[in-house]
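Reviewing the structure listed below.
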Amino acid sequence: LLLALAFLLLAHAAAVWQSQAVALFAAIVLGLMLCWPLHQRWPAFVLALLATIGAGVALYLSGRIFLLLMLPPVVFNSMAGIYFARTLRPGAMPLIERVVRGINDGQVPHPDVPAYARRLTLVWAVLLLGLALINLLLALWAVPGGVLHAFALTAPVSVPLAWWSAFANGINYLVIGGFFVIEYAYRRTRFPNAVYRDFGDFLRRVVKLGPAFWRKN
């Protein structure tokens, strides 16, 4: 979490200052964050980190380091949106319903929960994929350092690099967090007999589901 926050702050600072050096530092922090799950296997961790740093240095030397910083909001939102959407296919249980059952010993606290969970899963999928598209368009149109600008192509619309960063590294995550909190508040009113006591207890129960739960998709 600390690495993620550091990356967001550094990426935004690099965009506002239009600093390739700060952008490289942000890219190194991003590489460390992505490689951290391997930290208990030092050979793999070191090799992966060196590879990501090498990619960052190569982009820095070519003057295209900002391209690396533009990937996370597009990739993260796309992957998360597809993850939600996949659970809406015929014969599958919507992700939100799986979570509800996971923290309620396989049961649902109200007969309306399955229908609500399916709609909410769809909303999350649309929201995340929509944010991914917005981030992609801003990354394409950003000047300087955007995808089209980096390859000497003319963008149909020019967006200041700082505007891209304000959305990608700030508004993007505020929208996600805000929707999560607002939906939770509505859900507490719609289904008041939930098994969790408060927001903190809800988060703890979700975290306790463990990595294996999220891989079952």
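Residue numbering restarts at 1 in every chain; chains get A, B, ... in the order shown in the structure tokens, and ligands count up from 1 in that same order.
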
Please produce, as a Markdown table, a per-residue contact table for stretch 50-79 of chain A versus stretch 133-144 of chain A (criterion: any atom at most 7 Å away, only C-alpha atoms considered), showing the nearest atom pair and its distance in Å to one decimal, sorted by chain then residue number.
| residue | atom | partner | partner_atom | distance |
| --- | --- | --- | --- | --- |
| A:Met70 | CA | A:Ala139 | CA | 6.1 |
| A:Pro73 | CA | A:Asn135 | CA | 6.5 |
| A:Val74 | CA | A:Asn135 | CA | 5.7 |

Could the residues in this selection be saved with N, CA and C atoms as a PDB file, in the first residue's frame?
ATOM      1  N   MET A  70       1.706   5.284 -17.581  1.00  0.00           N
ATOM      2  CA  MET A  70       0.328   5.315 -18.057  1.00  0.00           C
ATOM      3  C   MET A  70      -0.326   3.942 -18.093  1.00  0.00           C
ATOM      4  N   PRO A  73      -3.244   2.472 -14.554  1.00  0.00           N
ATOM      5  CA  PRO A  73      -4.691   2.696 -14.486  1.00  0.00           C
ATOM      6  C   PRO A  73      -5.460   2.022 -15.611  1.00  0.00           C
ATOM      7  N   VAL A  74      -4.829   1.846 -16.769  1.00  0.00           N
ATOM      8  CA  VAL A  74      -5.502   1.159 -17.877  1.00  0.00           C
ATOM      9  C   VAL A  74      -5.547  -0.347 -17.612  1.00  0.00           C
TER      10      VAL A  74
END

Report as a list in words all protein, DNA and RNA residues lying within 8 Å of A:Asn77, evaluated on only C-alpha atoms, omitting residues in the same chain fewer than 3 positions from it. Pro73, Val74, Ala80, Gly81, Leu128, Leu129, Leu131 and Ala132 of chain A

N, CA and C atoms of the current selection, written as an mmCIF file, in the first residue's frame:
data_model
loop_
_atom_site.group_PDB
_atom_site.id
_atom_site.type_symbol
_atom_site.label_atom_id
_atom_site.label_comp_id
_atom_site.auth_asym_id
_atom_site.auth_seq_id
_atom_site.Cartn_x
_atom_site.Cartn_y
_atom_site.Cartn_z
ATOM 1 N N PRO A 73 -3.244 2.472 -14.554
ATOM 2 C CA PRO A 73 -4.691 2.696 -14.486
ATOM 3 C C PRO A 73 -5.460 2.022 -15.611
ATOM 4 N N VAL A 74 -4.829 1.846 -16.769
ATOM 5 C CA VAL A 74 -5.502 1.159 -17.877
ATOM 6 C C VAL A 74 -5.547 -0.347 -17.612
ATOM 7 N N ALA A 80 -9.590 -5.740 -13.673
ATOM 8 C CA ALA A 80 -10.624 -5.839 -12.654
ATOM 9 C C ALA A 80 -12.013 -5.874 -13.288
ATOM 10 N N GLY A 81 -12.226 -5.030 -14.307
ATOM 11 C CA GLY A 81 -13.520 -5.017 -14.977
ATOM 12 C C GLY A 81 -13.832 -6.337 -15.660
ATOM 13 N N LEU A 128 -15.542 -0.054 -14.052
ATOM 14 C CA LEU A 128 -14.098 -0.279 -14.183
ATOM 15 C C LEU A 128 -13.646 -0.247 -15.642
ATOM 16 N N LEU A 129 -14.413 -0.856 -16.520
ATOM 17 C CA LEU A 129 -14.050 -0.841 -17.933
ATOM 18 C C LEU A 129 -14.205 0.566 -18.517
ATOM 19 N N LEU A 131 -13.714 3.366 -16.812
ATOM 20 C CA LEU A 131 -12.540 4.096 -16.328
ATOM 21 C C LEU A 131 -11.294 3.709 -17.119
ATOM 22 N N ALA A 132 -11.179 2.424 -17.454
ATOM 23 C CA ALA A 132 -10.037 1.982 -18.258
ATOM 24 C C ALA A 132 -10.028 2.684 -19.611
#

What are the closest atom pairs, with distances in Å to one decimal, for each residue of stretch 62-166 of chain A lying within 10 Å of stretch 196-214 of chain A, using only C-alpha atoms, rows by chain and rising residue number, as a tab-separated table?
residue	atom	partner	partner_atom	distance
A:Tyr83	CA	A:Trp214	CA	9.6
A:Leu95	CA	A:Trp214	CA	9.1
A:Arg98	CA	A:Phe213	CA	9.0
A:Val99	CA	A:Val206	CA	7.3
A:Val100	CA	A:Val206	CA	9.0
A:Gly102	CA	A:Leu209	CA	6.9
A:Ile103	CA	A:Arg205	CA	6.0
A:Asn104	CA	A:Tyr196	CA	9.0

Report the distance between atom CA of A:Arg215 and atom CA of A:Ile171 in Å, rounded to one decimal place. 28.4 Å

With a distance cut-off of 7 Å and only C-alpha atoms, select the neighbouring residues of stretch 33-37 of chain A, excluding the residue or stretch itself and same-chain residues fewer than 6 positions from it, and output the selection as a list of chain:residue names.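 Returned residues: A:Leu3, A:Ala4, A:Phe45, A:Ala48, A:Leu49.
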
Export of the given selection (N, CA and C atoms) as a PDB file, in the first residue's frame:
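Printed below is again39.pdb as written:
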ATOM      1  N   LEU A   3       3.907   1.506  -1.138  1.00  0.00           N
ATOM      2  CA  LEU A   3       4.529   1.622  -2.456  1.00  0.00           C
ATOM      3  C   LEU A   3       3.541   2.182  -3.480  1.00  0.00           C
ATOM      4  N   ALA A   4       2.289   1.747  -3.388  1.00  0.00           N
ATOM      5  CA  ALA A   4       1.271   2.240  -4.320  1.00  0.00           C
ATOM      6  C   ALA A   4       1.055   3.737  -4.131  1.00  0.00           C
ATOM      7  N   PHE A  45      12.845 -12.529  -7.359  1.00  0.00           N
ATOM      8  CA  PHE A  45      12.543 -11.130  -7.048  1.00  0.00           C
ATOM      9  C   PHE A  45      13.582 -10.188  -7.658  1.00  0.00           C
ATOM     10  N   ALA A  48      13.343 -10.192 -11.555  1.00  0.00           N
ATOM     11  CA  ALA A  48      12.163  -9.464 -12.023  1.00  0.00           C
ATOM     12  C   ALA A  48      12.346  -7.962 -11.826  1.00  0.00           C
ATOM     13  N   LEU A  49      12.912  -7.586 -10.676  1.00  0.00           N
ATOM     14  CA  LEU A  49      13.116  -6.164 -10.405  1.00  0.00           C
ATOM     15  C   LEU A  49      14.129  -5.558 -11.375  1.00  0.00           C
TER      16      LEU A  49
END

In Å to one decimal, how far is atom CA of A:Gly63 from atom CA of A:Pro156?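 A separation of 21.8 Å between them.
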
Please list as a VMD selection string every residue within 12 Å of A:Leu30, counting only C-alpha atoms and excluding residues in the same chain fewer than 5 positions away. chain A and resid 1 to 11 23 to 25 35 to 36 49 52 to 53 55 to 56 68 to 72

Best match for closeness to A:Pro192 among A:Ala44, A:Ile176, A:Val123, A:Val113, counting only C-alpha atoms: A:Val113

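Counting from atom CA of A:Thr121, the distance to atom CA of A:Asn169 is 24.1 Å.
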
Kindly indicate which residue among A:Val159, A:Ala115, A:Leu120, A:Ala14 lies nearest to A:Phe66, using only C-alpha atoms for the distances.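 Once distances to A:Phe66 are computed over only C-alpha atoms, the minimum belongs to A:Ala14.
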
Which residues in stretch 67-204 of chain A does DSSP call alpha helix (DSSP H)? List them as a ChimeraX atom specification. /A:67-69,71-86,95-102,113-141,147-150,161-166,172-190,199-204

Run DSSP on the backbone and give me the residues of stretch 35-211 of chain A it puts in strand (DSSP E), as a list in words. Ala142, Val143, Val159 and Pro160 of chain A

File dump, residues just selected, N, CA and C atoms, as a PDB file, in the first residue's frame:
ATOM      1  N   ALA A 142      -2.395  12.692 -24.227  1.00  0.00           N
ATOM      2  CA  ALA A 142      -1.596  13.544 -23.348  1.00  0.00           C
ATOM      3  C   ALA A 142      -0.400  14.150 -24.082  1.00  0.00           C
ATOM      4  N   VAL A 143      -0.140  15.419 -23.793  1.00  0.00           N
ATOM      5  CA  VAL A 143       0.990  16.148 -24.393  1.00  0.00           C
ATOM      6  C   VAL A 143       1.654  16.990 -23.300  1.00  0.00           C
ATOM      7  N   VAL A 159      -4.394  16.826 -24.588  1.00  0.00           N
ATOM      8  CA  VAL A 159      -4.699  16.924 -23.163  1.00  0.00           C
ATOM      9  C   VAL A 159      -3.393  17.183 -22.415  1.00  0.00           C
ATOM     10  N   PRO A 160      -3.326  18.237 -21.592  1.00  0.00           N
ATOM     11  CA  PRO A 160      -2.096  18.474 -20.833  1.00  0.00           C
ATOM     12  C   PRO A 160      -1.724  17.258 -19.987  1.00  0.00           C
TER      13      PRO A 160
END
